[in-house]
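Text of target30.cif (mmCIF, C-alpha atoms) as supplied:
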```cif
data_start
loop_
_atom_site.label_atom_id
_atom_site.label_comp_id
_atom_site.auth_asym_id
_atom_site.auth_seq_id
_atom_site.Cartn_x
_atom_site.Cartn_y
_atom_site.Cartn_z
CA MET A 21 0.00 0.00 0.00
CA VAL A 22 1.88 2.98 -1.36
CA HIS A 23 1.38 6.54 -0.06
CA TYR A 24 4.16 8.01 -2.20
CA PRO A 25 4.56 8.52 -5.13
CA VAL A 26 0.84 8.69 -5.99
CA TYR A 27 -1.33 11.22 -7.79
CA ASN A 28 -3.78 13.69 -6.31
CA LYS A 29 -6.97 14.47 -8.21
CA ARG A 30 -5.18 17.10 -10.29
CA GLY A 31 -2.56 14.61 -11.47
CA ARG A 32 0.26 15.96 -9.30
CA VAL A 33 2.53 13.56 -7.45
CA ILE A 34 1.90 13.72 -3.71
CA CYS A 35 2.31 11.79 -0.48
CA THR A 36 -1.05 10.80 1.02
CA ALA A 37 -1.84 10.46 4.70
CA VAL A 38 -2.37 7.03 6.18
CA THR A 39 -6.00 5.93 6.58
CA ASN A 40 -6.64 3.73 9.59
CA PHE A 41 -9.33 1.73 7.76
CA ASP A 42 -6.95 0.88 4.94
CA ILE A 43 -4.62 -0.87 7.33
CA HIS A 44 -7.39 -2.86 9.00
CA ASP A 45 -9.20 -3.88 5.83
CA ILE A 46 -6.12 -4.79 3.89
CA ALA A 47 -4.55 -6.70 6.79
CA ARG A 48 -7.76 -8.70 7.17
CA CYS A 49 -7.94 -9.39 3.42
CA ALA A 50 -4.29 -10.37 3.36
CA SER A 51 -4.86 -12.81 6.22
CA THR A 52 -7.88 -14.26 4.43
CA PHE A 53 -6.03 -14.82 1.18
CA GLY A 54 -2.70 -15.89 2.60
CA VAL A 55 -0.60 -12.88 1.68
CA ARG A 56 2.74 -13.32 3.44
CA ILE A 57 3.36 -9.71 4.49
CA THR A 58 1.47 -6.46 3.99
CA TYR A 59 3.70 -3.40 3.70
CA ILE A 60 2.41 0.09 4.43
CA ILE A 61 4.78 2.42 2.57
CA ASN A 62 5.09 6.05 3.61
CA PRO A 63 8.24 8.20 3.49
CA LEU A 64 7.17 10.45 6.40
CA ASP A 65 8.54 9.46 9.81
CA SER A 66 5.47 10.79 11.63
CA GLN A 67 3.14 8.74 9.41
CA ARG A 68 5.15 5.57 9.88
CA GLU A 69 5.16 6.14 13.64
CA LEU A 70 1.36 6.53 13.53
CA VAL A 71 0.98 3.20 11.72
CA ASN A 72 3.36 1.52 14.13
CA ARG A 73 1.28 2.79 17.05
CA ILE A 74 -1.87 1.36 15.46
CA ILE A 75 -0.12 -1.96 14.89
CA ARG A 76 1.17 -2.07 18.47
CA HIS A 77 -2.33 -1.37 19.79
CA TRP A 78 -3.78 -4.36 17.98
CA GLU A 79 -0.77 -6.62 18.35
CA LYS A 80 0.20 -6.06 21.96
CA GLY A 81 -2.03 -3.39 23.49
CA ALA A 82 -5.67 -3.23 24.50
CA GLY A 83 -6.71 -4.18 20.97
CA ALA A 84 -5.03 -7.59 21.19
CA ARG A 85 -7.13 -8.45 24.25
CA TYR A 86 -10.30 -6.92 22.84
CA ASN A 87 -10.03 -8.68 19.49
CA PRO A 88 -7.47 -11.51 19.23
CA VAL A 89 -8.62 -12.24 15.69
CA ARG A 90 -7.64 -8.75 14.60
CA LYS A 91 -4.25 -9.31 16.25
CA ARG A 92 -3.63 -12.22 13.87
CA ALA A 93 -4.20 -9.92 10.90
CA PHE A 94 -1.86 -7.25 12.26
CA ASP A 95 0.93 -9.78 12.87
CA ARG A 96 1.66 -9.63 9.15
CA VAL A 97 1.78 -5.86 8.69
CA ARG A 98 5.08 -3.98 8.31
CA VAL A 99 5.80 -0.28 7.80
CA ARG A 100 8.52 0.93 5.46
CA ALA A 101 9.63 4.26 3.97
CA THR A 102 9.99 3.38 0.29
CA LEU A 103 8.93 0.82 -2.28
CA GLU A 104 12.61 0.25 -3.13
CA GLU A 105 13.28 -0.76 0.47
CA VAL A 106 10.42 -3.28 0.37
CA ILE A 107 11.60 -4.74 -2.93
CA GLN A 108 15.08 -5.19 -1.53
CA GLU A 109 13.82 -6.70 1.72
CA ILE A 110 11.63 -9.31 0.00
CA SER A 111 14.31 -10.16 -2.55
CA GLU A 112 16.90 -10.68 0.17
CA ALA A 113 14.55 -12.78 2.32
CA HIS A 114 13.73 -15.07 -0.63
CA ARG A 115 17.16 -14.87 -2.27
CA LEU A 116 15.31 -14.18 -5.50
CA PRO A 117 14.44 -10.82 -7.07
CA VAL A 118 10.79 -10.14 -6.22
CA LYS A 119 8.46 -9.54 -9.18
CA THR A 120 6.39 -6.39 -8.74
CA VAL A 121 2.78 -6.26 -9.91
CA ALA A 122 1.43 -2.72 -10.11
CA THR A 123 -2.31 -2.03 -10.09
CA ASP A 124 -4.11 0.78 -11.89
CA ALA A 125 -7.70 1.79 -12.60
CA THR A 126 -7.10 2.13 -16.34
CA TRP A 127 -5.96 -0.17 -19.13
CA GLN A 128 -2.26 0.06 -19.94
CA GLU A 129 -0.54 -1.22 -23.03
CA ARG A 130 0.93 -4.14 -21.13
CA SER A 131 -1.97 -4.82 -18.73
CA VAL A 132 -2.04 -8.47 -17.69
CA SER A 133 -5.33 -10.34 -17.14
CA TYR A 134 -6.30 -11.76 -13.75
CA GLY A 135 -6.26 -15.29 -15.17
CA GLU A 136 -2.72 -14.90 -16.46
CA MET A 137 -1.47 -13.40 -13.19
CA ARG A 138 -3.25 -16.13 -11.22
CA ARG A 139 -1.27 -18.74 -13.19
CA LEU A 140 2.00 -16.88 -12.57
CA LEU A 141 1.34 -16.81 -8.82
CA GLN A 142 1.18 -20.62 -8.77
CA ASP A 143 4.95 -20.65 -9.33
CA PRO A 144 5.92 -21.22 -5.70
CA PRO A 145 9.54 -20.11 -5.23
CA GLN A 146 9.03 -16.79 -7.01
CA PRO A 147 8.00 -13.98 -4.62
CA TYR A 148 5.50 -11.41 -5.92
CA LEU A 149 4.67 -7.96 -4.56
CA LEU A 150 1.24 -6.53 -5.38
CA VAL A 151 1.47 -2.73 -5.41
CA PHE A 152 -1.60 -0.60 -4.63
CA GLY A 153 -1.64 3.18 -4.78
CA THR A 154 -3.65 5.41 -2.46
CA GLY A 155 -4.97 8.82 -3.55
CA TRP A 156 -5.66 8.92 -7.29
CA GLY A 157 -3.35 5.99 -8.00
CA LEU A 158 0.29 5.04 -8.46
CA ALA A 159 2.59 7.51 -10.20
CA ARG A 160 3.51 6.61 -13.78
CA GLN A 161 7.10 5.91 -12.78
CA VAL A 162 5.98 3.09 -10.46
CA LEU A 163 3.91 1.53 -13.25
CA GLU A 164 6.82 1.79 -15.69
CA GLU A 165 9.30 0.21 -13.31
CA SER A 166 7.03 -2.66 -12.30
CA ASP A 167 7.44 -6.12 -13.79
CA TYR A 168 3.71 -6.41 -14.46
CA ILE A 169 0.69 -4.13 -14.54
CA LEU A 170 -2.58 -5.77 -13.63
CA ALA A 171 -5.75 -5.11 -15.66
CA PRO A 172 -8.19 -2.63 -14.11
CA ILE A 173 -11.25 -3.84 -12.22
CA GLU A 174 -14.18 -3.14 -14.48
CA GLY A 175 -17.74 -3.19 -13.29
CA VAL A 176 -20.70 -2.73 -15.56
CA LEU A 177 -21.46 0.99 -15.37
CA ASN A 178 -18.26 2.64 -16.51
CA TYR A 179 -17.84 3.95 -12.97
CA ASN A 180 -14.22 3.41 -12.21
CA HIS A 181 -13.59 4.81 -8.75
CA LEU A 182 -13.31 2.05 -6.18
CA SER A 183 -11.59 2.74 -2.88
CA VAL A 184 -8.15 1.19 -2.58
CA ARG A 185 -9.67 -1.02 0.14
CA SER A 186 -12.31 -2.42 -2.23
CA ALA A 187 -9.84 -2.70 -5.10
CA ALA A 188 -7.38 -4.66 -2.96
CA ALA A 189 -10.14 -6.99 -1.71
CA ILE A 190 -11.39 -7.74 -5.22
CA THR A 191 -7.87 -8.12 -6.62
CA LEU A 192 -6.83 -10.63 -3.95
CA ASP A 193 -10.03 -12.58 -4.47
CA ARG A 194 -9.53 -12.68 -8.23
CA LEU A 195 -5.91 -13.74 -7.95
CA ILE A 196 -6.05 -16.12 -4.99
CA GLY A 197 -9.69 -16.64 -3.92
CA ASN A 198 -11.20 -20.08 -3.89
CA ARG A 199 -14.53 -19.67 -5.64
CA MET B 13 -26.16 -2.62 4.90
CA VAL B 14 -27.88 -3.64 8.11
CA HIS B 15 -27.00 -2.13 11.51
CA TYR B 16 -29.81 -3.95 13.33
CA PRO B 17 -30.39 -6.80 14.09
CA VAL B 18 -26.75 -7.93 14.05
CA TYR B 19 -24.51 -9.72 16.54
CA ASN B 20 -21.77 -8.28 18.69
CA LYS B 21 -18.68 -10.37 19.36
CA ARG B 22 -20.41 -12.11 22.29
CA GLY B 23 -23.30 -13.26 20.08
CA ARG B 24 -25.83 -10.79 21.49
CA VAL B 25 -28.13 -8.92 19.11
CA ILE B 26 -27.22 -5.24 18.96
CA CYS B 27 -27.55 -2.12 16.84
CA THR B 28 -24.17 -0.98 15.50
CA ALA B 29 -23.14 2.60 14.84
CA VAL B 30 -22.78 3.79 11.28
CA THR B 31 -19.23 3.82 9.88
CA ASN B 32 -18.53 6.64 7.43
CA PHE B 33 -16.16 4.46 5.38
CA ASP B 34 -18.81 1.78 4.91
CA ILE B 35 -21.09 4.23 3.15
CA HIS B 36 -18.35 5.54 0.86
CA ASP B 37 -16.88 2.19 -0.04
CA ILE B 38 -20.16 0.44 -0.60
CA ALA B 39 -21.66 3.32 -2.59
CA ARG B 40 -18.60 3.30 -4.83
CA CYS B 41 -18.74 -0.49 -5.27
CA ALA B 42 -22.47 -0.32 -5.97
CA SER B 43 -21.88 2.30 -8.65
CA THR B 44 -19.13 0.20 -10.18
CA PHE B 45 -21.24 -2.93 -10.36
CA GLY B 46 -24.56 -1.32 -11.30
CA VAL B 47 -26.45 -1.88 -8.06
CA ARG B 48 -29.68 0.11 -8.40
CA ILE B 49 -29.93 1.45 -4.84
CA THR B 50 -27.83 1.01 -1.70
CA TYR B 51 -29.82 1.11 1.53
CA ILE B 52 -28.23 1.97 4.85
CA ILE B 53 -30.52 0.46 7.47
CA ASN B 54 -30.47 1.77 11.03
CA PRO B 55 -33.44 2.06 13.42
CA LEU B 56 -31.97 5.01 15.35
CA ASP B 57 -33.16 8.45 14.22
CA SER B 58 -29.87 10.09 15.18
CA GLN B 59 -27.87 7.56 13.15
CA ARG B 60 -30.09 8.00 10.10
CA GLU B 61 -29.78 11.76 10.38
CA LEU B 62 -25.99 11.37 10.49
CA VAL B 63 -26.00 9.31 7.30
CA ASN B 64 -28.32 11.80 5.62
CA ARG B 65 -25.93 14.62 6.53
CA ILE B 66 -23.04 12.69 4.99
CA ILE B 67 -25.07 12.05 1.85
CA ARG B 68 -26.08 15.72 1.56
CA HIS B 69 -22.46 16.78 1.92
CA TRP B 70 -21.40 14.66 -1.04
CA GLU B 71 -24.53 15.12 -3.10
CA LYS B 72 -25.19 18.83 -2.73
CA GLY B 73 -22.65 20.35 -0.33
CA ALA B 74 -18.95 21.07 -0.52
CA GLY B 75 -18.26 17.40 -1.28
CA ALA B 76 -20.17 17.54 -4.58
CA ARG B 77 -17.93 20.37 -5.81
CA TYR B 78 -14.76 18.81 -4.41
CA ASN B 79 -15.40 15.38 -5.90
CA PRO B 80 -18.20 15.13 -8.52
CA VAL B 81 -17.36 11.48 -9.06
CA ARG B 82 -18.16 10.70 -5.43
CA LYS B 83 -21.46 12.57 -5.86
CA ARG B 84 -22.47 10.06 -8.54
CA ALA B 85 -21.96 7.21 -6.08
CA PHE B 86 -23.96 8.94 -3.34
CA ASP B 87 -26.90 9.60 -5.70
CA ARG B 88 -27.89 5.96 -5.22
CA VAL B 89 -27.73 5.75 -1.43
CA ARG B 90 -30.90 5.76 0.72
CA VAL B 91 -31.36 5.56 4.47
CA ARG B 92 -34.14 3.53 6.06
CA ALA B 93 -35.09 2.37 9.56
CA THR B 94 -35.79 -1.33 8.98
CA LEU B 95 -35.14 -4.14 6.55
CA GLU B 96 -38.92 -4.72 6.30
CA GLU B 97 -39.39 -1.16 5.10
CA VAL B 98 -36.76 -1.65 2.39
CA ILE B 99 -38.28 -4.94 1.26
CA GLN B 100 -41.69 -3.28 0.96
CA GLU B 101 -40.30 -0.25 -0.87
CA ILE B 102 -38.46 -2.31 -3.50
CA SER B 103 -41.38 -4.71 -3.97
CA GLU B 104 -43.79 -1.82 -4.50
CA ALA B 105 -41.48 -0.01 -6.90
CA HIS B 106 -41.06 -3.16 -9.03
CA ARG B 107 -44.59 -4.54 -8.46
CA LEU B 108 -42.89 -7.84 -7.66
CA PRO B 109 -41.90 -9.23 -4.27
CA VAL B 110 -38.15 -8.63 -3.92
CA LYS B 111 -36.01 -11.71 -3.28
CA THR B 112 -33.67 -11.24 -0.34
CA VAL B 113 -30.15 -12.69 -0.39
CA ALA B 114 -28.54 -12.76 3.06
CA THR B 115 -24.77 -12.99 3.46
CA ASP B 116 -22.90 -14.73 6.24
CA ALA B 117 -19.30 -15.65 7.05
CA THR B 118 -20.14 -19.30 7.71
CA TRP B 119 -21.68 -22.14 5.72
CA GLN B 120 -25.41 -22.63 6.26
CA GLU B 121 -27.44 -25.67 5.35
CA ARG B 122 -28.99 -23.84 2.42
CA SER B 123 -25.98 -21.74 1.35
CA VAL B 124 -26.13 -20.96 -2.37
CA SER B 125 -22.97 -20.80 -4.51
CA TYR B 126 -21.86 -17.60 -6.25
CA GLY B 127 -22.28 -19.24 -9.66
CA GLU B 128 -25.87 -20.21 -8.92
CA MET B 129 -26.74 -16.77 -7.57
CA ARG B 130 -25.05 -15.14 -10.54
CA ARG B 131 -27.36 -17.10 -12.85
CA LEU B 132 -30.43 -16.11 -10.82
CA LEU B 133 -29.48 -12.42 -11.07
CA GLN B 134 -29.61 -12.66 -14.87
CA ASP B 135 -33.41 -12.90 -14.58
CA PRO B 136 -34.15 -9.26 -15.35
CA PRO B 137 -37.63 -8.42 -14.02
CA GLN B 138 -37.00 -10.00 -10.62
CA PRO B 139 -35.57 -7.53 -8.08
CA TYR B 140 -32.98 -8.84 -5.60
CA LEU B 141 -31.77 -7.33 -2.33
CA LEU B 142 -28.32 -8.32 -1.11
CA VAL B 143 -28.23 -8.07 2.69
CA PHE B 144 -24.96 -7.41 4.53
CA GLY B 145 -24.63 -7.29 8.31
CA THR B 146 -22.27 -5.00 10.20
CA GLY B 147 -20.80 -5.96 13.59
CA TRP B 148 -20.35 -9.73 13.90
CA GLY B 149 -22.93 -10.45 11.20
CA LEU B 150 -26.68 -10.68 10.56
CA ALA B 151 -28.91 -12.07 13.32
CA ARG B 152 -30.16 -15.61 12.74
CA GLN B 153 -33.69 -14.37 12.24
CA VAL B 154 -32.63 -12.35 9.18
CA LEU B 155 -30.91 -15.39 7.69
CA GLU B 156 -33.97 -17.56 8.35
CA GLU B 157 -36.38 -15.10 6.78
CA SER B 158 -34.27 -14.47 3.67
CA ASP B 159 -35.05 -16.17 0.37
CA TYR B 160 -31.42 -17.15 -0.14
CA ILE B 161 -28.26 -17.32 1.92
CA LEU B 162 -25.07 -16.78 -0.03
CA ALA B 163 -22.03 -19.00 0.54
CA PRO B 164 -19.28 -17.49 2.71
CA ILE B 165 -16.19 -15.93 1.16
CA GLU B 166 -13.39 -18.36 1.81
CA GLY B 167 -9.77 -17.48 1.43
CA VAL B 168 -6.94 -19.92 1.82
CA LEU B 169 -5.86 -19.55 5.44
CA ASN B 170 -9.01 -20.33 7.41
CA TYR B 171 -9.06 -16.67 8.47
CA ASN B 172 -12.65 -15.65 8.15
CA HIS B 173 -12.91 -12.07 9.33
CA LEU B 174 -13.20 -9.70 6.42
CA SER B 175 -14.62 -6.22 7.01
CA VAL B 176 -18.15 -5.76 5.68
CA ARG B 177 -16.61 -3.34 3.18
CA SER B 178 -14.28 -5.99 1.77
CA ALA B 179 -16.97 -8.67 1.88
CA ALA B 180 -19.41 -6.48 -0.05
CA ALA B 181 -16.76 -5.60 -2.65
CA ILE B 182 -15.84 -9.25 -3.24
CA THR B 183 -19.47 -10.40 -3.26
CA LEU B 184 -20.50 -7.82 -5.87
CA ASP B 185 -17.50 -8.71 -8.01
CA ARG B 186 -18.28 -12.43 -7.79
CA LEU B 187 -21.97 -11.93 -8.62
CA ILE B 188 -21.78 -9.17 -11.20
CA GLY B 189 -18.14 -8.41 -12.06
CA ASN B 190 -16.90 -8.77 -15.59
CA ARG B 191 -13.68 -10.74 -15.27
#
```
Render the structure in this file as structure tokens.
Amino acid sequence: MVHYPVYNKRGRVICTAVTNFDIHDIARCASTFGVRITYIINPLDSQRELVNRIIRHWEKGAGARYNPVRKRAFDRVRVRATLEEVIQEISEAHRLPVKTVATDATWQERSVSYGEMRRLLQDPPQPYLLVFGTGWGLARQVLEESDYILAPIEGVLNYNHLSVRSAAAITLDRLIGNR
Amino acid sequence: MVHYPVYNKRGRVICTAVTNFDIHDIARCASTFGVRITYIINPLDSQRELVNRIIRHWEKGAGARYNPVRKRAFDRVRVRATLEEVIQEISEAHRLPVKTVATDATWQERSVSYGEMRRLLQDPPQPYLLVFGTGWGLARQVLEESDYILAPIEGVLNYNHLSVRSAAAITLDRLIGNR
């Protein structure tokens, strides 16, 4: 979950603020679909500290006693400053360069279908990193540098403005869900 | 989106408070997948007034100017006190008794698969109402009185605690999404 570099509604590259609900929803989805680790990426120290406080609350604080099930979801959440750092960390842990899969709300020239990506994910030793942008979506540079770009989620009404929470839920279900 | 009757984590029937993010996320999903109307159901006057204020903000207030795309999603949101009222309203509007489809995180004896429900939804004159519970899920009585109960969303890790926002997103995609 990337907070920088992403677009604002005017198409300028910005850093978004962390949304508490994003962390909860995406951690719970990740736990449901067996995502190894969820990374919250934000270059601002104060924002990372905020996320770490939220994680501590649910992992070790009052939240862990109030809702042990939520604790399980938060066990797999990490906070990092940059996407590059995350790519390096995963690649080193797996001793294999991680493949990055960017997501976007529009079709790109090299958009990959969900079926094709689902088949790729079956390849067990290869680590993959799904990249979601907050705000108005990932900056072009992130798309260009990614190994794959996933097809947009299309509904039926040409309304193309899902929250990143909904988009992540649907994407994980399409790629990993047992239907 | 039902706030009463639903369970709390101890299995007691309660009325939950409205969550701002639920309304946004579900309105945006509903617009994406062509849901005719989204009903927020809460028996408390003060809670309904809160939701109506949020809707007005995005439909006619500062929110409509700030984000016209969000306005489109909120155009299809209504607030009602009870599920019965919603059932009656839809049935009268369509001159056909609406079929209710309850959702639950566990398997029920008469759980219907997503494929089967998807086929049923193709039947154009018949109106359907998808019913989602907040809190720890819809009270048994709602499940028993519904025409159908949809199968749970299963991931891969036996972690079965999606937010209602994520569950609604995945359900709409499975039933209506064009993949």
Notebook entry, point to check: Which residues match the PyMOL selection byres ((chain A and resi 153-162) around 8) in the file above, as a VMD selection string?
Noted result: chain A and resid 21 to 29 31 33 36 122 to 125 151 to 152 163 to 166 184
Next item on the list: Go through the shown structure with the PyMOL selection byres ((chain B and resi 122) around 9) and write out the matching residues as a list of chain:residue names.
Entry: B:Trp119, B:Gln120, B:Glu121, B:Ser123, B:Val124, B:Tyr160, B:Ile161, B:Leu162, B:Ala163
Print the selection's residues with C-alpha atoms to a file, as a PDB file, keeping the file's coordinate frame.
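The file below, part38.pdb, is the result:
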```pdb
ATOM      1  CA  TRP B 119     -21.680 -22.140   5.720  1.00  0.00           C
ATOM      2  CA  GLN B 120     -25.410 -22.630   6.260  1.00  0.00           C
ATOM      3  CA  GLU B 121     -27.440 -25.670   5.350  1.00  0.00           C
ATOM      4  CA  SER B 123     -25.980 -21.740   1.350  1.00  0.00           C
ATOM      5  CA  VAL B 124     -26.130 -20.960  -2.370  1.00  0.00           C
ATOM      6  CA  TYR B 160     -31.420 -17.150  -0.140  1.00  0.00           C
ATOM      7  CA  ILE B 161     -28.260 -17.320   1.920  1.00  0.00           C
ATOM      8  CA  LEU B 162     -25.070 -16.780  -0.030  1.00  0.00           C
ATOM      9  CA  ALA B 163     -22.030 -19.000   0.540  1.00  0.00           C
TER      10      ALA B 163
END
```
Using only C-alpha atoms, what table do you get, as JSON lines, when you list each residue of chain A with an atom no more than 9 Å from chain B, its nearest pair of atoms, and their distance in Å rounded to one decimal, rows by chain then rising number?
```
{"residue": "A:Lys29", "atom": "CA", "partner": "B:Asn79", "partner_atom": "CA", "distance": 8.8}
{"residue": "A:Phe41", "atom": "CA", "partner": "B:Phe33", "partner_atom": "CA", "distance": 7.7}
{"residue": "A:His44", "atom": "CA", "partner": "B:Ser175", "partner_atom": "CA", "distance": 8.2}
{"residue": "A:Asp45", "atom": "CA", "partner": "B:Ser175", "partner_atom": "CA", "distance": 6.0}
{"residue": "A:Ile46", "atom": "CA", "partner": "B:Ser178", "partner_atom": "CA", "distance": 8.5}
{"residue": "A:Arg48", "atom": "CA", "partner": "B:Leu174", "partner_atom": "CA", "distance": 5.6}
{"residue": "A:Cys49", "atom": "CA", "partner": "B:Leu174", "partner_atom": "CA", "distance": 6.1}
{"residue": "A:Ser51", "atom": "CA", "partner": "B:Tyr171", "partner_atom": "CA", "distance": 6.1}
{"residue": "A:Thr52", "atom": "CA", "partner": "B:Gly167", "partner_atom": "CA", "distance": 4.8}
{"residue": "A:Phe53", "atom": "CA", "partner": "B:Gly167", "partner_atom": "CA", "distance": 4.6}
{"residue": "A:Gly54", "atom": "CA", "partner": "B:Leu169", "partner_atom": "CA", "distance": 5.6}
{"residue": "A:Asn87", "atom": "CA", "partner": "B:Lys21", "partner_atom": "CA", "distance": 8.8}
{"residue": "A:Val89", "atom": "CA", "partner": "B:His173", "partner_atom": "CA", "distance": 7.7}
{"residue": "A:Arg90", "atom": "CA", "partner": "B:His173", "partner_atom": "CA", "distance": 8.2}
{"residue": "A:Arg92", "atom": "CA", "partner": "B:Tyr171", "partner_atom": "CA", "distance": 8.9}
{"residue": "A:Ala93", "atom": "CA", "partner": "B:Tyr171", "partner_atom": "CA", "distance": 8.7}
{"residue": "A:Ser133", "atom": "CA", "partner": "B:Arg191", "partner_atom": "CA", "distance": 8.6}
{"residue": "A:Tyr134", "atom": "CA", "partner": "B:Arg191", "partner_atom": "CA", "distance": 7.6}
{"residue": "A:Gly135", "atom": "CA", "partner": "B:Arg191", "partner_atom": "CA", "distance": 8.7}
{"residue": "A:Ile173", "atom": "CA", "partner": "B:Arg191", "partner_atom": "CA", "distance": 7.9}
{"residue": "A:Glu174", "atom": "CA", "partner": "B:Asn190", "partner_atom": "CA", "distance": 6.4}
{"residue": "A:Gly175", "atom": "CA", "partner": "B:Phe45", "partner_atom": "CA", "distance": 4.6}
{"residue": "A:Val176", "atom": "CA", "partner": "B:Phe45", "partner_atom": "CA", "distance": 5.2}
{"residue": "A:Leu177", "atom": "CA", "partner": "B:Gly46", "partner_atom": "CA", "distance": 5.6}
{"residue": "A:Asn178", "atom": "CA", "partner": "B:Thr44", "partner_atom": "CA", "distance": 6.8}
{"residue": "A:Tyr179", "atom": "CA", "partner": "B:Thr44", "partner_atom": "CA", "distance": 4.8}
{"residue": "A:Asn180", "atom": "CA", "partner": "B:Thr44", "partner_atom": "CA", "distance": 6.2}
{"residue": "A:His181", "atom": "CA", "partner": "B:Arg40", "partner_atom": "CA", "distance": 6.5}
{"residue": "A:Leu182", "atom": "CA", "partner": "B:Arg40", "partner_atom": "CA", "distance": 5.6}
{"residue": "A:Ser183", "atom": "CA", "partner": "B:Asp37", "partner_atom": "CA", "distance": 6.0}
{"residue": "A:Arg185", "atom": "CA", "partner": "B:Ser178", "partner_atom": "CA", "distance": 7.0}
{"residue": "A:Ser186", "atom": "CA", "partner": "B:Ala181", "partner_atom": "CA", "distance": 5.5}
{"residue": "A:Ala187", "atom": "CA", "partner": "B:Ala181", "partner_atom": "CA", "distance": 7.9}
{"residue": "A:Ala188", "atom": "CA", "partner": "B:Ser178", "partner_atom": "CA", "distance": 8.5}
{"residue": "A:Ala189", "atom": "CA", "partner": "B:Ser178", "partner_atom": "CA", "distance": 5.5}
{"residue": "A:Ile190", "atom": "CA", "partner": "B:Ile182", "partner_atom": "CA", "distance": 5.1}
{"residue": "A:Thr191", "atom": "CA", "partner": "B:Ile182", "partner_atom": "CA", "distance": 8.7}
{"residue": "A:Asp193", "atom": "CA", "partner": "B:Ile182", "partner_atom": "CA", "distance": 6.8}
{"residue": "A:Arg194", "atom": "CA", "partner": "B:Arg191", "partner_atom": "CA", "distance": 8.4}
{"residue": "A:Ile196", "atom": "CA", "partner": "B:Gly167", "partner_atom": "CA", "distance": 7.5}
{"residue": "A:Gly197", "atom": "CA", "partner": "B:Gly167", "partner_atom": "CA", "distance": 5.4}
{"residue": "A:Asn198", "atom": "CA", "partner": "B:Gly167", "partner_atom": "CA", "distance": 6.1}
{"residue": "A:Arg199", "atom": "CA", "partner": "B:Tyr126", "partner_atom": "CA", "distance": 7.6}
```
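In this structure, CA of Val30 (chain B) sits 6.6 Å away from CA of Gln59 (chain B).
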Check: Quick one: residues within 10 Å of Pro109 (chain B), all atoms listed in the file counted, chain neighbours fewer than 3 positions away excluded, as a ChimeraX atom specification?
Finding: /B:99-106,112,138-140
